[in-house]
Amino acid sequence: MSPVRRDIPGGDVVTEMLGKAKFWEPAEQGKVRCGLCPHSCLVPAGKTGICRVRENRGGTLYALNYNLATSLALDPVEKKPLYHVHPGGYLLSAGTFGCNFRCRFCQNWQISQDRPRTVAITAGELVESALAQRKRYPALVGMAYTYNEPTVWIEFVLEAAARAKEEGLVNALVTNGYISRPALREVLQSVDALNIDVKAWNEDFYRRLTGGRLKPVLETVEESLKHAWVEVTYLVIPGENDSQEEVAALARHLASLSPSVPVHLSRFFPNYRMGGEPTPLETLERLRDVCREHLHHVYIGNAARPGYADTPCPECGTTLLKRDGLALERAFLTPDGDCPECGRPLEMLGQVWL
Ligand code: SF4
């Protein structure tokens, strides 16, 4: 991830910005119990929780990354990926550092597991920056909290999302879904769209390779679907989570919640602490076909091949949205957002920007 640009208002390089944390309570002997994610860490004085960014100082829990950013960029919605949220639009995307998972295959480990350089920025400054840029780029439709795990930046995210919502901007969260129910409930008051990583259909995978659990993630998907637009990313790692039976079980589960949930099967490349070979394209195509038996919209990501990122009509197969890599190239929808051949409406949040 490239370092943050320097023209953010107030953007001096700083190393620490304490903010009093939300979602915790005092416990015995000066400890505190964090309630932000399902780890529920009992944090002794002077220590941090598993995420290493929430620290007990004198019996009070603080967020160490409160008004700090490591990355800020204007990204296409397709990069999140959120293919059905204002297709062709852009999101001012911000991230900090820290994560409540320890994925051995992390693609952003420099900011999730390490302590990179940061700049100071308040939630208000971030939203002001978006509003200023929207004057030049009308396709800037909102904000994304992304790059590292936004759950461990919750205080900043809640402030920024509430402010952005007041200004009519969309808020999107790119998350591992490992968040407590009270925190999720609060997030969903301002967040319109989520891309949630489901990393496997297998508790053993989660325990061995992420340090988390699958069940709370599935609960986040289910709860989020009641209030927001949800897309799911599944990174296919050869030999670890590429079983046809498991992927079919996940697809059936998602379909039972809503067959319109878009699923992005993402190609694995060796990174961080996991070697091996990139996912064969044949595996991705086979799993895409398996998912399509249950779900309307299934994509292959992280692999630039013609057609992988296009949106066909689930009813008649007509191409509705044509993409070249992360760019929306053409839209063939009617002005009402329907398929021009069979008239089926395309499920999406917002409008197409071309
Ligand atoms: S956010 Fe999760 S990992 Fe971090 S301190 Fe709280 S409970 Fe622990």
# chains A, B, ... in the order shown; residues from 1 in each chain; ligands from 1
call {"tool": "closest_atom_pairs", "arguments": {"of": "chain A", "to": "ligand 1", "cutoff": "8 Å", "atoms": "only C-alpha atoms and all ligand atoms", "output": "CSV"}}
result
residue,atom,partner,partner_atom_place_in_ligand_line,distance
A:Trp24,CA,ligand 1,6 (Fe),7.9
A:Arg33,CA,ligand 1,7 (S),7.6
A:Cys34,CA,ligand 1,6 (Fe),4.5
A:Gly35,CA,ligand 1,7 (S),5.4
A:Leu36,CA,ligand 1,1 (S),4.7
A:Cys37,CA,ligand 1,2 (Fe),4.1
A:Pro38,CA,ligand 1,7 (S),6.1
A:His39,CA,ligand 1,7 (S),4.5
A:Ser40,CA,ligand 1,7 (S),3.9
A:Cys41,CA,ligand 1,8 (Fe),4.1
A:Leu42,CA,ligand 1,8 (Fe),7.5
A:Val43,CA,ligand 1,5 (S),7.2
A:Thr48,CA,ligand 1,5 (S),6.4
A:Gly49,CA,ligand 1,5 (S),3.6
A:Ile50,CA,ligand 1,3 (S),4.1
A:Cys51,CA,ligand 1,4 (Fe),4.2
A:Arg52,CA,ligand 1,4 (Fe),6.6
A:Val53,CA,ligand 1,4 (Fe),6.7
A:Arg54,CA,ligand 1,5 (S),5.2
A:Glu55,CA,ligand 1,5 (S),7.4
A:Cys99,CA,ligand 1,3 (S),7.5
A:Asn100,CA,ligand 1,3 (S),4.5
A:Phe101,CA,ligand 1,3 (S),7.7
A:Thr151,CA,ligand 1,1 (S),7.1
A:Val152,CA,ligand 1,1 (S),5.4
A:Ile179,CA,ligand 1,2 (Fe),7.6
call {"tool": "select_by_dssp", "arguments": {"residues": "stretch 180-239 of chain A", "states": "strand (DSSP E)", "output": "CSV table (one decimal) with N, CA and C atoms, in the first residue's frame"}}
result
chain,number,residue,atom,x,y,z
A,193,ALA,N,-23.0,0.3,2.4
A,193,ALA,CA,-22.5,-0.8,1.7
A,193,ALA,C,-21.3,-1.4,2.4
A,194,LEU,N,-21.3,-2.8,2.3
A,194,LEU,CA,-20.1,-3.5,2.9
A,194,LEU,C,-19.6,-4.5,1.9
A,195,ASN,N,-18.3,-4.6,1.8
A,195,ASN,CA,-17.7,-5.8,1.2
A,195,ASN,C,-17.1,-6.6,2.4
A,196,ILE,N,-17.7,-7.8,2.6
A,196,ILE,CA,-17.2,-8.6,3.7
A,196,ILE,C,-16.4,-9.8,3.2
A,197,ASP,N,-15.3,-10.0,3.8
A,197,ASP,CA,-14.4,-11.2,3.4
A,197,ASP,C,-15.0,-12.4,4.2
A,229,TRP,N,-26.3,-2.7,1.6
A,229,TRP,CA,-25.9,-3.5,0.5
A,229,TRP,C,-24.7,-4.3,0.8
A,230,VAL,N,-24.7,-5.6,0.5
A,230,VAL,CA,-23.5,-6.4,0.9
A,230,VAL,C,-23.0,-7.2,-0.3
A,231,GLU,N,-21.7,-7.2,-0.4
A,231,GLU,CA,-21.0,-8.0,-1.4
A,231,GLU,C,-20.0,-8.8,-0.6
A,232,VAL,N,-19.7,-10.0,-1.1
A,232,VAL,CA,-18.8,-10.9,-0.3
A,232,VAL,C,-17.5,-11.2,-1.2
A,233,THR,N,-16.4,-11.2,-0.6
A,233,THR,CA,-15.1,-11.6,-1.2
A,233,THR,C,-14.6,-12.9,-0.6
A,234,TYR,N,-14.2,-13.8,-1.5
A,234,TYR,CA,-13.7,-15.1,-1.1
A,234,TYR,C,-12.4,-15.3,-1.8
A,235,LEU,N,-11.3,-15.2,-1.0
A,235,LEU,CA,-10.0,-15.4,-1.6
A,235,LEU,C,-9.7,-16.9,-1.7
A,236,VAL,N,-9.5,-17.4,-2.9
A,236,VAL,CA,-9.4,-18.9,-3.1
A,236,VAL,C,-8.0,-19.3,-3.0
call {"tool": "residues_around", "arguments": {"residues": "stretch 272-276 of chain A", "least_positions_apart": "5", "cutoff": "12 Å", "atoms": "only C-alpha atoms", "output": "JSON, numbers by chain"}}
result
{"A": [102, 103, 104, 105, 106, 107, 108, 109, 110, 111, 112, 113, 114, 209, 210, 237, 238, 239, 240]}
call {"tool": "residues_around", "arguments": {"residues": "A:Gly89", "least_positions_apart": "2", "cutoff": "9 Å", "atoms": "only C-alpha atoms", "output": "list in words"}}
result
Asp75, Pro76, Val77, Glu78, Val85, His86, Pro87, Leu91, Pro138, Ala139, Leu140, Val141, Gly142, Leu328, Gln351, Val352, Trp353 and Leu354 of chain A
call {"tool": "atom_distance", "arguments": {"atom1": "atom CA of A:Val217", "atom2": "atom CA of A:Met348"}}
result
22.9 Å
call {"tool": "residues_around", "arguments": {"residues": "A:Glu222", "least_positions_apart": "2", "cutoff": "12 Å", "atoms": "only C-alpha atoms", "output": "tab-separated table (two decimals) with N, CA, C and O atoms, in the first residue's frame"}}
result
chain	number	residue	atom	x	y	z
A	177	GLY	N	-15.49	-8.61	8.79
A	177	GLY	CA	-16.76	-8.98	9.42
A	177	GLY	C	-16.64	-9.42	10.86
A	177	GLY	O	-17.62	-9.89	11.45
A	181	ARG	N	-21.77	-7.37	17.93
A	181	ARG	CA	-23.10	-6.94	17.50
A	181	ARG	C	-23.39	-5.48	17.86
A	181	ARG	O	-23.90	-4.72	17.02
A	184	LEU	N	-21.49	-3.30	15.43
A	184	LEU	CA	-22.05	-3.41	14.08
A	184	LEU	C	-23.35	-2.61	13.97
A	184	LEU	O	-23.58	-1.90	12.98
A	194	LEU	N	-21.27	-2.78	2.32
A	194	LEU	CA	-20.12	-3.48	2.91
A	194	LEU	C	-19.62	-4.52	1.93
A	194	LEU	O	-20.42	-5.22	1.29
A	196	ILE	N	-17.66	-7.81	2.59
A	196	ILE	CA	-17.24	-8.62	3.74
A	196	ILE	C	-16.45	-9.81	3.22
A	196	ILE	O	-16.92	-10.55	2.35
A	215	LYS	N	-18.09	-18.29	12.47
A	215	LYS	CA	-19.50	-18.07	12.83
A	215	LYS	C	-19.82	-16.58	13.01
A	215	LYS	O	-20.82	-16.09	12.44
A	216	PRO	N	-19.02	-15.82	13.76
A	216	PRO	CA	-19.36	-14.40	13.90
A	216	PRO	C	-19.34	-13.64	12.58
A	216	PRO	O	-20.09	-12.68	12.39
A	217	VAL	N	-18.49	-14.09	11.66
A	217	VAL	CA	-18.43	-13.42	10.35
A	217	VAL	C	-19.74	-13.64	9.59
A	217	VAL	O	-20.31	-12.71	8.99
A	218	LEU	N	-20.23	-14.89	9.64
A	218	LEU	CA	-21.50	-15.18	8.96
A	218	LEU	C	-22.65	-14.40	9.60
A	218	LEU	O	-23.59	-13.97	8.91
A	219	GLU	N	-22.57	-14.23	10.91
A	219	GLU	CA	-23.62	-13.44	11.59
A	219	GLU	C	-23.56	-11.98	11.13
A	219	GLU	O	-24.60	-11.33	10.98
A	220	THR	N	-22.35	-11.47	10.91
A	220	THR	CA	-22.22	-10.09	10.41
A	220	THR	C	-22.83	-9.96	9.01
A	220	THR	O	-23.52	-8.99	8.71
A	224	SER	N	-25.93	-7.51	8.43
A	224	SER	CA	-25.68	-6.37	7.53
A	224	SER	C	-26.68	-6.36	6.38
A	224	SER	O	-27.11	-5.29	5.92
A	225	LEU	N	-27.02	-7.56	5.90
A	225	LEU	CA	-27.96	-7.63	4.77
A	225	LEU	C	-29.33	-7.03	5.10
A	225	LEU	O	-30.07	-6.64	4.20
A	226	LYS	N	-29.64	-6.97	6.38
A	226	LYS	CA	-30.95	-6.41	6.76
A	226	LYS	C	-30.96	-4.89	6.64
A	226	LYS	O	-32.02	-4.27	6.62
A	227	HIS	N	-29.77	-4.27	6.60
A	227	HIS	CA	-29.70	-2.82	6.67
A	227	HIS	C	-28.92	-2.17	5.53
A	227	HIS	O	-28.97	-0.95	5.38
A	228	ALA	N	-28.13	-2.94	4.79
A	228	ALA	CA	-27.21	-2.32	3.83
A	228	ALA	C	-27.00	-3.25	2.64
A	228	ALA	O	-27.42	-4.41	2.65
A	229	TRP	N	-26.33	-2.70	1.62
A	229	TRP	CA	-25.93	-3.53	0.48
A	229	TRP	C	-24.68	-4.31	0.85
A	229	TRP	O	-23.73	-3.73	1.40
A	230	VAL	N	-24.66	-5.60	0.55
A	230	VAL	CA	-23.52	-6.44	0.93
A	230	VAL	C	-22.98	-7.20	-0.28
A	230	VAL	O	-23.76	-7.78	-1.05
A	231	GLU	N	-21.67	-7.17	-0.45
A	231	GLU	CA	-21.00	-8.05	-1.39
A	231	GLU	C	-19.96	-8.84	-0.61
A	231	GLU	O	-19.47	-8.37	0.42
A	232	VAL	N	-19.66	-10.05	-1.09
A	232	VAL	CA	-18.76	-10.94	-0.35
A	232	VAL	C	-17.53	-11.24	-1.20
A	232	VAL	O	-17.64	-11.50	-2.40
A	253	HIS	N	-25.65	-21.11	1.42
A	253	HIS	CA	-25.96	-20.33	2.63
A	253	HIS	C	-26.29	-18.88	2.24
A	253	HIS	O	-27.30	-18.32	2.70
A	254	LEU	N	-25.45	-18.28	1.41
A	254	LEU	CA	-25.69	-16.89	1.01
A	254	LEU	C	-27.01	-16.78	0.26
A	254	LEU	O	-27.79	-15.84	0.46
A	255	ALA	N	-27.27	-17.75	-0.61
A	255	ALA	CA	-28.52	-17.71	-1.38
A	255	ALA	C	-29.74	-17.80	-0.46
A	255	ALA	O	-30.79	-17.22	-0.76
A	256	SER	N	-29.57	-18.50	0.66
A	256	SER	CA	-30.71	-18.60	1.59
A	256	SER	C	-30.98	-17.24	2.24
A	256	SER	O	-32.10	-16.96	2.68
A	257	LEU	N	-29.96	-16.38	2.29
A	257	LEU	CA	-30.14	-15.03	2.82
A	257	LEU	C	-30.64	-14.10	1.73
A	257	LEU	O	-31.56	-13.31	1.92
A	258	SER	N	-29.97	-14.16	0.58
A	258	SER	CA	-30.38	-13.41	-0.60
A	258	SER	C	-29.57	-13.88	-1.81
A	258	SER	O	-28.33	-13.75	-1.80
A	261	VAL	N	-26.78	-11.49	-3.46
A	261	VAL	CA	-25.49	-11.07	-2.90
A	261	VAL	C	-24.39	-11.34	-3.91
A	261	VAL	O	-24.13	-12.49	-4.26
call {"tool": "atom_distance", "arguments": {"atom1": "atom CA of A:Glu315", "atom2": "atom CA of A:Leu82"}}
result
21.1 Å
call {"tool": "residues_around", "arguments": {"residues": "A:Pro150", "least_positions_apart": "3", "cutoff": "10 Å", "atoms": "only C-alpha atoms", "output": "VMD selection string"}}
result
chain A and resid 94 to 100 144 to 147 153 to 157 173 to 177 179
call {"tool": "residues_around", "arguments": {"residues": "A:Asn202", "least_positions_apart": "2", "cutoff": "12 Å", "atoms": "only C-alpha atoms", "output": "PDB file with N, CA, C and O atoms, in the first residue's frame"}}
result
ATOM      1  N   VAL A 198     -15.400 -13.385   3.420  1.00  0.00           N
ATOM      2  CA  VAL A 198     -15.608 -14.690   4.050  1.00  0.00           C
ATOM      3  C   VAL A 198     -14.429 -15.515   3.574  1.00  0.00           C
ATOM      4  O   VAL A 198     -14.263 -15.749   2.373  1.00  0.00           O
ATOM      5  N   LYS A 199     -13.589 -15.919   4.490  1.00  0.00           N
ATOM      6  CA  LYS A 199     -12.297 -16.471   4.084  1.00  0.00           C
ATOM      7  C   LYS A 199     -12.329 -17.978   3.850  1.00  0.00           C
ATOM      8  O   LYS A 199     -11.405 -18.529   3.257  1.00  0.00           O
ATOM      9  N   ALA A 200     -13.358 -18.640   4.348  1.00  0.00           N
ATOM     10  CA  ALA A 200     -13.503 -20.085   4.156  1.00  0.00           C
ATOM     11  C   ALA A 200     -14.856 -20.496   4.715  1.00  0.00           C
ATOM     12  O   ALA A 200     -15.477 -19.740   5.467  1.00  0.00           O
ATOM     13  N   ASP A 204     -11.884 -24.634  10.983  1.00  0.00           N
ATOM     14  CA  ASP A 204     -10.480 -25.011  11.155  1.00  0.00           C
ATOM     15  C   ASP A 204      -9.576 -24.047  10.374  1.00  0.00           C
ATOM     16  O   ASP A 204      -8.526 -23.626  10.871  1.00  0.00           O
ATOM     17  N   PHE A 205      -9.995 -23.671   9.177  1.00  0.00           N
ATOM     18  CA  PHE A 205      -9.232 -22.696   8.382  1.00  0.00           C
ATOM     19  C   PHE A 205      -9.117 -21.384   9.156  1.00  0.00           C
ATOM     20  O   PHE A 205      -8.031 -20.820   9.285  1.00  0.00           O
ATOM     21  N   TYR A 206     -10.238 -20.910   9.655  1.00  0.00           N
ATOM     22  CA  TYR A 206     -10.214 -19.637  10.395  1.00  0.00           C
ATOM     23  C   TYR A 206      -9.260 -19.725  11.590  1.00  0.00           C
ATOM     24  O   TYR A 206      -8.463 -18.829  11.838  1.00  0.00           O
ATOM     25  N   ARG A 207      -9.342 -20.805  12.340  1.00  0.00           N
ATOM     26  CA  ARG A 207      -8.520 -20.937  13.547  1.00  0.00           C
ATOM     27  C   ARG A 207      -7.031 -20.995  13.184  1.00  0.00           C
ATOM     28  O   ARG A 207      -6.214 -20.294  13.765  1.00  0.00           O
ATOM     29  N   ARG A 208      -6.704 -21.807  12.173  1.00  0.00           N
ATOM     30  CA  ARG A 208      -5.287 -22.001  11.821  1.00  0.00           C
ATOM     31  C   ARG A 208      -4.675 -20.793  11.131  1.00  0.00           C
ATOM     32  O   ARG A 208      -3.527 -20.427  11.381  1.00  0.00           O
ATOM     33  N   LEU A 209      -5.444 -20.179  10.235  1.00  0.00           N
ATOM     34  CA  LEU A 209      -4.812 -19.213   9.327  1.00  0.00           C
ATOM     35  C   LEU A 209      -5.208 -17.763   9.548  1.00  0.00           C
ATOM     36  O   LEU A 209      -4.611 -16.864   8.947  1.00  0.00           O
ATOM     37  N   THR A 210      -6.212 -17.503  10.398  1.00  0.00           N
ATOM     38  CA  THR A 210      -6.620 -16.099  10.604  1.00  0.00           C
ATOM     39  C   THR A 210      -6.592 -15.688  12.076  1.00  0.00           C
ATOM     40  O   THR A 210      -6.513 -14.512  12.377  1.00  0.00           O
ATOM     41  N   GLY A 212      -9.195 -16.022  13.901  1.00  0.00           N
ATOM     42  CA  GLY A 212     -10.582 -15.676  14.227  1.00  0.00           C
ATOM     43  C   GLY A 212     -11.492 -16.878  14.065  1.00  0.00           C
ATOM     44  O   GLY A 212     -11.045 -18.030  14.017  1.00  0.00           O
ATOM     45  N   ARG A 213     -12.800 -16.609  13.988  1.00  0.00           N
ATOM     46  CA  ARG A 213     -13.791 -17.668  13.826  1.00  0.00           C
ATOM     47  C   ARG A 213     -14.770 -17.319  12.711  1.00  0.00           C
ATOM     48  O   ARG A 213     -15.039 -16.144  12.469  1.00  0.00           O
ATOM     49  N   LEU A 214     -15.276 -18.355  12.066  1.00  0.00           N
ATOM     50  CA  LEU A 214     -16.193 -18.151  10.937  1.00  0.00           C
ATOM     51  C   LEU A 214     -17.579 -17.687  11.383  1.00  0.00           C
ATOM     52  O   LEU A 214     -18.181 -16.796  10.775  1.00  0.00           O
ATOM     53  N   LYS A 215     -18.091 -18.293  12.470  1.00  0.00           N
ATOM     54  CA  LYS A 215     -19.499 -18.070  12.830  1.00  0.00           C
ATOM     55  C   LYS A 215     -19.825 -16.575  13.009  1.00  0.00           C
ATOM     56  O   LYS A 215     -20.824 -16.090  12.437  1.00  0.00           O
ATOM     57  N   VAL A 217     -18.492 -14.086  11.660  1.00  0.00           N
ATOM     58  CA  VAL A 217     -18.429 -13.418  10.346  1.00  0.00           C
ATOM     59  C   VAL A 217     -19.741 -13.641   9.590  1.00  0.00           C
ATOM     60  O   VAL A 217     -20.308 -12.709   8.992  1.00  0.00           O
ATOM     61  N   LEU A 218     -20.233 -14.889   9.644  1.00  0.00           N
ATOM     62  CA  LEU A 218     -21.504 -15.180   8.961  1.00  0.00           C
ATOM     63  C   LEU A 218     -22.652 -14.403   9.596  1.00  0.00           C
ATOM     64  O   LEU A 218     -23.585 -13.966   8.914  1.00  0.00           O
ATOM     65  N   GLU A 240      -6.329 -25.036   0.448  1.00  0.00           N
ATOM     66  CA  GLU A 240      -6.779 -24.589   1.769  1.00  0.00           C
ATOM     67  C   GLU A 240      -8.288 -24.373   1.843  1.00  0.00           C
ATOM     68  O   GLU A 240      -8.922 -24.768   2.808  1.00  0.00           O
ATOM     69  N   ASN A 241      -8.845 -23.706   0.829  1.00  0.00           N
ATOM     70  CA  ASN A 241     -10.293 -23.418   0.883  1.00  0.00           C
ATOM     71  C   ASN A 241     -10.925 -23.517  -0.504  1.00  0.00           C
ATOM     72  O   ASN A 241     -11.909 -22.836  -0.778  1.00  0.00           O
ATOM     73  N   ASP A 242     -10.326 -24.349  -1.380  1.00  0.00           N
ATOM     74  CA  ASP A 242     -10.827 -24.430  -2.759  1.00  0.00           C
ATOM     75  C   ASP A 242     -11.680 -25.680  -3.006  1.00  0.00           C
ATOM     76  O   ASP A 242     -11.890 -26.068  -4.150  1.00  0.00           O
ATOM     77  N   SER A 243     -12.157 -26.295  -1.915  1.00  0.00           N
ATOM     78  CA  SER A 243     -13.004 -27.470  -2.107  1.00  0.00           C
ATOM     79  C   SER A 243     -14.356 -27.066  -2.687  1.00  0.00           C
ATOM     80  O   SER A 243     -15.001 -26.128  -2.218  1.00  0.00           O
ATOM     81  N   GLU A 245     -17.134 -28.601  -2.538  1.00  0.00           N
ATOM     82  CA  GLU A 245     -18.235 -28.828  -1.601  1.00  0.00           C
ATOM     83  C   GLU A 245     -18.374 -27.648  -0.649  1.00  0.00           C
ATOM     84  O   GLU A 245     -19.476 -27.179  -0.360  1.00  0.00           O
ATOM     85  N   GLU A 246     -17.232 -27.154  -0.159  1.00  0.00           N
ATOM     86  CA  GLU A 246     -17.293 -26.048   0.805  1.00  0.00           C
ATOM     87  C   GLU A 246     -17.772 -24.757   0.145  1.00  0.00           C
ATOM     88  O   GLU A 246     -18.567 -24.016   0.725  1.00  0.00           O
ATOM     89  N   VAL A 247     -17.271 -24.505  -1.044  1.00  0.00           N
ATOM     90  CA  VAL A 247     -17.692 -23.276  -1.726  1.00  0.00           C
ATOM     91  C   VAL A 247     -19.178 -23.363  -2.085  1.00  0.00           C
ATOM     92  O   VAL A 247     -19.919 -22.378  -1.964  1.00  0.00           O
ATOM     93  N   ALA A 249     -21.391 -24.973  -0.391  1.00  0.00           N
ATOM     94  CA  ALA A 249     -22.130 -24.800   0.873  1.00  0.00           C
ATOM     95  C   ALA A 249     -22.227 -23.315   1.218  1.00  0.00           C
ATOM     96  O   ALA A 249     -23.286 -22.845   1.664  1.00  0.00           O
ATOM     97  N   LEU A 250     -21.151 -22.578   1.006  1.00  0.00           N
ATOM     98  CA  LEU A 250     -21.200 -21.130   1.263  1.00  0.00           C
ATOM     99  C   LEU A 250     -22.203 -20.462   0.321  1.00  0.00           C
ATOM    100  O   LEU A 250     -23.015 -19.635   0.745  1.00  0.00           O
TER     101      LEU A 250
END
call {"tool": "closest_residue", "arguments": {"among": "A:Val290, A:Leu295, A:Leu92, A:Cys342", "to": "A:Gly317", "atoms": "only C-alpha atoms"}}
result
A:Cys342
call {"tool": "decode", "arguments": {"residues": "stretch 129-185 of chain A", "atoms": "C-alpha atoms", "output": "CSV table (one decimal), in the first residue's frame"}}
result
chain,number,residue,atom,x,y,z
A,129,SER,CA,-11.5,16.6,1.5
A,130,ALA,CA,-14.1,14.4,-0.2
A,131,LEU,CA,-16.5,17.3,-0.6
A,132,ALA,CA,-13.8,19.5,-2.2
A,133,GLN,CA,-12.8,16.7,-4.6
A,134,ARG,CA,-16.5,16.0,-5.5
A,135,LYS,CA,-16.6,19.5,-7.0
A,136,ARG,CA,-13.9,18.4,-9.5
A,137,TYR,CA,-15.0,14.7,-9.8
A,138,PRO,CA,-18.8,14.4,-9.7
A,139,ALA,CA,-18.4,10.6,-9.8
A,140,LEU,CA,-17.0,10.7,-6.3
A,141,VAL,CA,-20.0,9.2,-4.6
A,142,GLY,CA,-18.7,8.6,-1.1
A,143,MET,CA,-16.2,7.2,1.3
A,144,ALA,CA,-14.6,3.8,1.9
A,145,TYR,CA,-13.0,2.7,5.1
A,146,THR,CA,-10.6,0.1,3.8
A,147,TYR,CA,-7.0,-1.1,3.3
A,148,ASN,CA,-6.6,-2.3,6.9
A,149,GLU,CA,-9.5,-3.6,9.1
A,150,PRO,CA,-11.8,-0.7,9.7
A,151,THR,CA,-13.4,-2.3,12.8
A,152,VAL,CA,-10.2,-1.4,14.8
A,153,TRP,CA,-10.6,2.2,13.6
A,154,ILE,CA,-14.2,2.3,14.8
A,155,GLU,CA,-14.2,5.7,16.6
A,156,PHE,CA,-12.8,7.5,13.5
A,157,VAL,CA,-15.1,5.5,11.1
A,158,LEU,CA,-18.2,6.3,13.1
A,159,GLU,CA,-17.4,10.0,13.2
A,160,ALA,CA,-16.5,10.2,9.5
A,161,ALA,CA,-19.4,8.1,8.3
A,162,ALA,CA,-22.0,10.1,10.3
A,163,ARG,CA,-20.5,13.4,8.9
A,164,ALA,CA,-20.4,12.0,5.3
A,165,LYS,CA,-23.9,10.8,5.5
A,166,GLU,CA,-25.1,14.3,6.5
A,167,GLU,CA,-23.5,15.5,3.3
A,168,GLY,CA,-25.2,12.9,1.1
A,169,LEU,CA,-22.2,10.8,0.6
A,170,VAL,CA,-22.3,7.0,0.5
A,171,ASN,CA,-20.3,5.1,3.2
A,172,ALA,CA,-18.7,1.8,2.4
A,173,LEU,CA,-16.8,-0.6,4.7
A,174,VAL,CA,-14.4,-3.2,3.5
A,175,THR,CA,-14.1,-5.6,6.4
A,176,ASN,CA,-13.4,-9.1,7.7
A,177,GLY,CA,-16.8,-9.0,9.4
A,178,TYR,CA,-15.2,-9.7,12.8
A,179,ILE,CA,-17.1,-7.1,14.8
A,180,SER,CA,-19.4,-7.3,17.9
A,181,ARG,CA,-23.1,-6.9,17.5
A,182,PRO,CA,-23.3,-3.6,19.4
A,183,ALA,CA,-20.6,-2.1,17.3
A,184,LEU,CA,-22.0,-3.4,14.1
A,185,ARG,CA,-25.4,-2.0,15.0
